[in-house]
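J.: Right, I'll just put the structure down here and ask away after.
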Amino acid sequence: MGRAKAAIIGVGGSSIERRSDRSIVAFALDAAMAALADAGIDREQIDGYIGSPKASHAAALHVDGADEVSARLLAGRLGLGNLSVAIDLNSAFPTEMVATAGHLLRSGACNYLLAVRALCNLPGVRYGEVKTHHAHGEEQFTAPFGYHTGGARFATRLQAYFNASGATRRDLYELVALMRRNAARNPHAIWRDKSEIALDDYLRSPLIAEPLCMLDCDMPVNGAVAFVMTRPELAAVSGQPPVYVAGSANWLTADEIFERSGRGRTDIDLCQIYDGFSFLVYEWLERLGWCPPHAAWRYVRDGACEIGGELPVNTFGGALGEGRLHGAGHVREAVLQLRGQAGGRQVAGAANCLVQVGPFDYSSLLVLSNDPA
């Protein structure tokens, strides 16, 4: 394997708020300015931008400046006058933003690139409801049956997993409780400084799509995360330790992520795994080979994924604990861990982190490293 072709040199985030009168643009600007300050570079040096503006839930308005922020809008508000490339991905995943940014930097399309992902929880928009409309295209076969609402399609997979593995909701509680424990140590998290959730409270939580309950679903929030990236040879401009993009993959090539990154499974010190619905963590621990099929629930239950365990997972609390930033928090946490800047949740000696964002059928993965080789 050659040396890394891209590095993250700045990371920043807005506050994360359950409800807010501020616009999604305000949160995005906060995150962007924080990332620039963290990287120690000026807006005039930014000549590339990549965004992932898609509002990814069934009731989304898809309106620029309301629940989405386009490259054109944010570049204007930030005064980014030197952009040679500006791209909005038709995707919700910050992992794809980072991977695509790496390709742009490697091609020479730009030198310093800003990437922003923002989400909002608009008043009057119910996250789990579908807007009334005629179904077209592929939606003809899904929307009339509630396939995309309230985790319905994931609930059927979870029930099949329970049937095949012998796990129960009592076991799934251990994963949700882990996320909440980790979130308590994350100053950004919605659940920061909160007491651990009790088993009885979890089991009494309202069912959203049986057997998924409300506490198995991530919480919609207002917030944003941004990254500044460059080529490794330019990374010295920042006062922060660079974090390198070692490899990337998607849901079709996920099994190749270790070969692509030049890191074996045993080289991975921790993982940040998508937990928009809790049990998805099980699926990816098994698919990526840390557990045999239908055994990840025992792996989590027995403490392997705790901070200080064999494979710490979602050390910041994941989307279940921090709030629904659709993977932006997962990437930020990987950067902070690899810099050694995660405070009380720091994993000792963290050098390589795998980040996976998205469900079983549409996902992207990164391996980030503090070693450019």
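If you're wondering about the labels, chains in the structure tokens are A, B, ... by order shown, residues count from 1 in each chain, ligands from 1 in order shown.
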Give me the residues near Val98 in chain A as a ChimeraX atom specification, where near means some atom within 10 Å (using only C-alpha atoms) and where sequence neighbours in that chain fewer than 6 positions away do not count.

T.: /A:6-8,50-51,104,113-115,227-229,245,248,331,365-366

J.: Skip range 274-279 of chain A itself and residues of its chain fewer than 6 positions away, then list as a VMD selection string all residues within 10 Å of it, counting only C-alpha atoms.

T.: chain A and resid 150 to 151 154 to 155 157 to 158 161 172 to 173 175 to 176 179 212 to 219 296 to 297 313 to 314 317 to 321 323 to 327 329 to 330 355 to 359 363 to 364

J.: Find the distance between CA of Phe141 in chain A and CA of Leu89 in chain A and write it in Å to one decimal.

T.: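 Pair CA of Phe141 in chain A / CA of Leu89 in chain A returns 25.3 Å.
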
J.: Which neighbours of Leu78 in chain A fall inside 8 Å, counting only C-alpha atoms, when residues of the same chain fewer than 4 positions from it are skipped, and could you give them as a PDB file with all heavy atoms, in the first residue's frame?

T.:
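Here's the written file result_29.pdb:
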ATOM      1  N   LEU A  29     -22.979  27.116   9.728  1.00  0.00           N
ATOM      2  CA  LEU A  29     -21.939  28.145   9.807  1.00  0.00           C
ATOM      3  C   LEU A  29     -21.101  27.996  11.065  1.00  0.00           C
ATOM      4  O   LEU A  29     -19.869  28.142  11.023  1.00  0.00           O
ATOM      5  CB  LEU A  29     -22.577  29.534   9.753  1.00  0.00           C
ATOM      6  CG  LEU A  29     -23.195  29.947   8.416  1.00  0.00           C
ATOM      7  CD1 LEU A  29     -23.957  31.249   8.570  1.00  0.00           C
ATOM      8  CD2 LEU A  29     -22.124  30.080   7.333  1.00  0.00           C
ATOM      9  N   ARG A  43     -10.534  31.370   5.453  1.00  0.00           N
ATOM     10  CA  ARG A  43     -11.516  31.022   4.421  1.00  0.00           C
ATOM     11  C   ARG A  43     -10.941  31.194   3.011  1.00  0.00           C
ATOM     12  O   ARG A  43     -11.304  30.460   2.087  1.00  0.00           O
ATOM     13  CB  ARG A  43     -12.763  31.894   4.579  1.00  0.00           C
ATOM     14  CG  ARG A  43     -13.700  31.418   5.666  1.00  0.00           C
ATOM     15  CD  ARG A  43     -14.851  32.364   5.862  1.00  0.00           C
ATOM     16  NE  ARG A  43     -14.452  33.553   6.604  1.00  0.00           N
ATOM     17  CZ  ARG A  43     -15.268  34.544   6.938  1.00  0.00           C
ATOM     18  NH1 ARG A  43     -16.539  34.485   6.585  1.00  0.00           N
ATOM     19  NH2 ARG A  43     -14.837  35.575   7.627  1.00  0.00           N
ATOM     20  N   LEU A  74     -24.213  27.836   1.275  1.00  0.00           N
ATOM     21  CA  LEU A  74     -23.221  27.954   2.344  1.00  0.00           C
ATOM     22  C   LEU A  74     -21.975  28.693   1.860  1.00  0.00           C
ATOM     23  O   LEU A  74     -21.381  29.477   2.613  1.00  0.00           O
ATOM     24  CB  LEU A  74     -22.850  26.568   2.871  1.00  0.00           C
ATOM     25  CG  LEU A  74     -22.209  26.568   4.264  1.00  0.00           C
ATOM     26  CD1 LEU A  74     -23.140  27.214   5.288  1.00  0.00           C
ATOM     27  CD2 LEU A  74     -21.849  25.172   4.697  1.00  0.00           C
TER      28      LEU A  74
END

J.: Which distance in Å separates CA of Ser52 in chain A and CA of Val367 in chain A, to one decimal?

T.: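 According to the coordinates, CA of Ser52 in chain A and CA of Val367 in chain A are separated by 19.5 Å.
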
J.: Quick one: of A:Tyr362, A:Trp290, A:Phe162, A:Trp284, who's nearest to Glu310 in chain A, counting only C-alpha atoms?

T.: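 Of all the options, A:Trp290 lies closest to Glu310 in chain A.
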
J.: If you count only C-alpha atoms, which residues fall within 6 Å of range 341-351 of chain A, apart from same-chain ones fewer than 4 positions away, as a ChimeraX atom specification?

T.: /A:269,336-337,369-370

J.: What are the DSSP strand (DSSP E or B) residues of range 1-127 of chain A, as a list of chain:residue names?

T.: A:Ala7, A:Ile8, A:Ile9, A:Gly10, A:Val11, A:Gly12, A:Gly13, A:Glu17, A:Gly48, A:Tyr49, A:Ile50, A:Gly51, A:Asp64, A:Glu68, A:Val85, A:Ala86, A:Ile87, A:Asp88, A:Tyr112, A:Leu113, A:Leu114, A:Ala115, A:Val116, A:Arg117, A:Ala118, A:Leu119

J.: Report, in Å to a single decimal, how far apart CA of Arg3 in chain A and CA of Ser107 in chain A are.

T.: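 According to the coordinates, CA of Ser107 in chain A and CA of Arg3 in chain A are separated by 14.9 Å.
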
J.: Considering only alpha helix (DSSP H) as DSSP defines it on the backbone, what residues of range 46-235 of chain A qualify? List them as a PyMOL selection string.

T.: chain A and resi 71-78+94-107+152-165+169-183+199-204

J.: Between A:Ser20, A:Ser91, A:Asn182, A:Asn163, which residue has the minimum interatomic distance to Leu122 in chain A, considering only C-alpha atoms?

T.: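 Under the stated criterion, the closest residue is A:Ser20.
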
J.: From the set A:Thr100, A:Gln240, A:Ser205, A:Asn82, which residue has the shortest atom-to-atom contact distance to Gly10 in chain A, counting only C-alpha atoms?

T.: A:Gln240

J.: So, with only C-alpha atoms as the atoms that count, which of A:Ala101, A:Ile307, A:Ala254, A:Ala135 lies closest to Glu286 in chain A?

T.: A:Ala254
